[in-house]
Amino acid sequence: MANTYTQLYVHLVFAVKFRNASIQKNWNERLHQYLTEIFQNNKHKMIQINSMPDHIHIFIGLNPDQSISSIVGNVKSESTKWIKREGFCSFPFAWQDGYGAFSHSRSQLSKVISYIENQEAHHAKKDFLTEYRDLLKAFDIDYNEAYIFKELS
């Protein structure tokens with residue numbers, strides 16, 4: 001639409017199904033490149049991306065023509081097919097249902113970028129579930145513990 005201007009920064013977080021440590025260092029850069037292409041092809045701006053073996057952080061400039069749930073669903077679906085096609089996992093790869101989406105202002109860009117870049121050091125001190133709960137609390141998001149990234153039963 002003409003005369004529409006937006007500046008929407010969103011930090012996305014989602015986990016590998018059952019939080020399996022499936023994302024390996026020998027192919028995670030290729031995964032980041034593939035995900036970046038998906039976001040860019042949908043007219044979103046990739047700002048920062050980083051993953052740990054069991055989850056991923058993605059920071060984007062969001063194009064308001066596509067909903068957050070739509071782009072996350074697309075990214076999860078397409079990347080799952082790509083991981084399977086490339087044969088990166090010896091078992092079926094899948095992303096966990098759900099995701100976290102946290103909005104930020106322009107003044108927070110460098111802080112969020114640094115946070116995502118330094119995931120490895122960050123997780124030397126704090127596990128993913130603690131990190132995720134802390135994000136939900138920091139953003140004052142009500143959540144049900146029963147639905148926080150299920151473990152294999």
# chains A, B, ... in the order shown; residues from 1 in each chain; ligands from 1
>>> residues_around(residues="Ile47 in chain A", least_positions_apart="6", cutoff="9 Å", atoms="only C-alpha atoms", output="VMD selection string")
chain A and resid 9 58 to 61 109 113
>>> write_last_selection(atoms="C-alpha atoms", output="short mmCIF file (atom, residue, chain, number, x, y, z; two decimals), in the first residue's frame")
data_model
loop_
_atom_site.label_atom_id
_atom_site.label_comp_id
_atom_site.auth_asym_id
_atom_site.auth_seq_id
_atom_site.Cartn_x
_atom_site.Cartn_y
_atom_site.Cartn_z
CA TYR A 9 12.24 -5.85 14.53
CA ILE A 58 16.76 -15.36 14.33
CA PHE A 59 16.53 -11.56 14.37
CA ILE A 60 14.73 -9.99 11.41
CA GLY A 61 13.33 -6.78 10.10
CA LEU A 109 19.53 -3.64 17.75
CA ILE A 113 22.65 -8.83 17.78
#
>>> select_by_dssp(residues="chain A", states="strand (DSSP E)", output="ChimeraX atom specification")
/A:9-15,45-52,55-61,100-104
>>> write_last_selection(atoms="N, CA and C atoms", output="PDB file, in the first residue's frame")
ATOM      1  N   TYR A   9      11.141  -4.929  14.228  1.00  0.00           N
ATOM      2  CA  TYR A   9      12.240  -5.848  14.527  1.00  0.00           C
ATOM      3  C   TYR A   9      11.722  -6.961  15.421  1.00  0.00           C
ATOM      4  N   VAL A  10      11.940  -8.200  14.989  1.00  0.00           N
ATOM      5  CA  VAL A  10      11.423  -9.344  15.724  1.00  0.00           C
ATOM      6  C   VAL A  10      12.532 -10.374  15.937  1.00  0.00           C
ATOM      7  N   HIS A  11      12.666 -10.804  17.174  1.00  0.00           N
ATOM      8  CA  HIS A  11      13.604 -11.857  17.571  1.00  0.00           C
ATOM      9  C   HIS A  11      12.795 -13.148  17.688  1.00  0.00           C
ATOM     10  N   LEU A  12      13.107 -14.115  16.846  1.00  0.00           N
ATOM     11  CA  LEU A  12      12.411 -15.407  16.835  1.00  0.00           C
ATOM     12  C   LEU A  12      13.280 -16.467  17.506  1.00  0.00           C
ATOM     13  N   VAL A  13      12.640 -17.348  18.242  1.00  0.00           N
ATOM     14  CA  VAL A  13      13.338 -18.457  18.896  1.00  0.00           C
ATOM     15  C   VAL A  13      12.473 -19.698  18.733  1.00  0.00           C
ATOM     16  N   PHE A  14      13.078 -20.777  18.230  1.00  0.00           N
ATOM     17  CA  PHE A  14      12.364 -22.047  18.218  1.00  0.00           C
ATOM     18  C   PHE A  14      13.351 -23.196  18.347  1.00  0.00           C
ATOM     19  N   ALA A  15      12.818 -24.330  18.753  1.00  0.00           N
ATOM     20  CA  ALA A  15      13.654 -25.474  19.138  1.00  0.00           C
ATOM     21  C   ALA A  15      13.484 -26.648  18.190  1.00  0.00           C
ATOM     22  N   LYS A  45      14.176  -8.740   6.293  1.00  0.00           N
ATOM     23  CA  LYS A  45      15.598  -8.442   6.370  1.00  0.00           C
ATOM     24  C   LYS A  45      16.227  -9.275   7.486  1.00  0.00           C
ATOM     25  N   MET A  46      17.192 -10.140   7.108  1.00  0.00           N
ATOM     26  CA  MET A  46      17.909 -10.910   8.120  1.00  0.00           C
ATOM     27  C   MET A  46      18.916  -9.986   8.787  1.00  0.00           C
ATOM     28  N   ILE A  47      18.822  -9.886  10.097  1.00  0.00           N
ATOM     29  CA  ILE A  47      19.746  -9.049  10.852  1.00  0.00           C
ATOM     30  C   ILE A  47      20.797  -9.913  11.535  1.00  0.00           C
ATOM     31  N   GLN A  48      20.369 -10.993  12.190  1.00  0.00           N
ATOM     32  CA  GLN A  48      21.312 -11.891  12.873  1.00  0.00           C
ATOM     33  C   GLN A  48      20.673 -13.262  12.995  1.00  0.00           C
ATOM     34  N   ILE A  49      21.504 -14.279  12.889  1.00  0.00           N
ATOM     35  CA  ILE A  49      21.039 -15.652  13.062  1.00  0.00           C
ATOM     36  C   ILE A  49      22.152 -16.447  13.737  1.00  0.00           C
ATOM     37  N   ASN A  50      21.769 -17.321  14.633  1.00  0.00           N
ATOM     38  CA  ASN A  50      22.732 -18.213  15.272  1.00  0.00           C
ATOM     39  C   ASN A  50      21.952 -19.379  15.864  1.00  0.00           C
ATOM     40  N   SER A  51      22.607 -20.516  15.918  1.00  0.00           N
ATOM     41  CA  SER A  51      21.939 -21.691  16.466  1.00  0.00           C
ATOM     42  C   SER A  51      22.851 -22.418  17.431  1.00  0.00           C
ATOM     43  N   MET A  52      22.208 -23.127  18.302  1.00  0.00           N
ATOM     44  CA  MET A  52      22.840 -24.094  19.183  1.00  0.00           C
ATOM     45  C   MET A  52      22.343 -25.458  18.687  1.00  0.00           C
ATOM     46  N   HIS A  55      18.406 -25.487  19.357  1.00  0.00           N
ATOM     47  CA  HIS A  55      17.494 -24.371  19.094  1.00  0.00           C
ATOM     48  C   HIS A  55      18.167 -23.314  18.225  1.00  0.00           C
ATOM     49  N   ILE A  56      17.352 -22.353  17.788  1.00  0.00           N
ATOM     50  CA  ILE A  56      17.860 -21.307  16.906  1.00  0.00           C
ATOM     51  C   ILE A  56      17.286 -19.948  17.307  1.00  0.00           C
ATOM     52  N   HIS A  57      18.105 -18.921  17.114  1.00  0.00           N
ATOM     53  CA  HIS A  57      17.694 -17.530  17.311  1.00  0.00           C
ATOM     54  C   HIS A  57      17.811 -16.823  15.967  1.00  0.00           C
ATOM     55  N   ILE A  58      16.784 -16.089  15.592  1.00  0.00           N
ATOM     56  CA  ILE A  58      16.757 -15.358  14.326  1.00  0.00           C
ATOM     57  C   ILE A  58      16.222 -13.958  14.620  1.00  0.00           C
ATOM     58  N   PHE A  59      16.944 -12.954  14.168  1.00  0.00           N
ATOM     59  CA  PHE A  59      16.528 -11.561  14.370  1.00  0.00           C
ATOM     60  C   PHE A  59      16.311 -10.946  12.995  1.00  0.00           C
ATOM     61  N   ILE A  60      15.088 -10.494  12.746  1.00  0.00           N
ATOM     62  CA  ILE A  60      14.732  -9.994  11.414  1.00  0.00           C
ATOM     63  C   ILE A  60      14.087  -8.613  11.487  1.00  0.00           C
ATOM     64  N   GLY A  61      14.165  -7.924  10.369  1.00  0.00           N
ATOM     65  CA  GLY A  61      13.327  -6.777  10.102  1.00  0.00           C
ATOM     66  C   GLY A  61      12.119  -7.347   9.384  1.00  0.00           C
ATOM     67  N   GLY A 100       8.880 -18.583  19.884  1.00  0.00           N
ATOM     68  CA  GLY A 100       8.811 -17.322  20.606  1.00  0.00           C
ATOM     69  C   GLY A 100       9.087 -16.207  19.623  1.00  0.00           C
ATOM     70  N   ALA A 101       8.375 -15.104  19.758  1.00  0.00           N
ATOM     71  CA  ALA A 101       8.599 -13.920  18.919  1.00  0.00           C
ATOM     72  C   ALA A 101       8.589 -12.711  19.836  1.00  0.00           C
ATOM     73  N   PHE A 102       9.689 -11.962  19.827  1.00  0.00           N
ATOM     74  CA  PHE A 102       9.867 -10.851  20.745  1.00  0.00           C
ATOM     75  C   PHE A 102      10.211  -9.601  19.947  1.00  0.00           C
ATOM     76  N   SER A 103       9.449  -8.533  20.131  1.00  0.00           N
ATOM     77  CA  SER A 103       9.679  -7.308  19.376  1.00  0.00           C
ATOM     78  C   SER A 103      10.691  -6.415  20.093  1.00  0.00           C
ATOM     79  N   HIS A 104      11.444  -5.682  19.292  1.00  0.00           N
ATOM     80  CA  HIS A 104      12.485  -4.794  19.823  1.00  0.00           C
ATOM     81  C   HIS A 104      12.442  -3.458  19.096  1.00  0.00           C
TER      82      HIS A 104
END
>>> residues_around(residues="Glu78 in chain A", least_positions_apart="4", cutoff="12 Å", atoms="only C-alpha atoms", output="list in words")
Leu31, Tyr34, Leu35, Thr36, Glu37, Ile38, Phe39, Ile71, Val72, Gly73, Asn74, Trp82, Ile83, Lys84, Arg85, Phe93, Ala94 and Trp95 of chain A
>>> atom_distance(atom1="CA of Phe88 in chain A", atom2="CA of Ala21 in chain A")
12.5 Å
>>> select_by_dssp(residues="chain A", states="helix (DSSP H, G or I)", output="PyMOL selection string")
chain A and resi 17-19+25-41+68-86+106-117+119-123+128-138+145-147
>>> closest_residue(among="A:Asn26, A:Asp54, A:His32, A:Gln40", to="His123 in chain A", atoms="only C-alpha atoms")
A:Asp54
>>> atom_distance(atom1="CA of Arg30 in chain A", atom2="CA of Ser79 in chain A")
10.7 Å
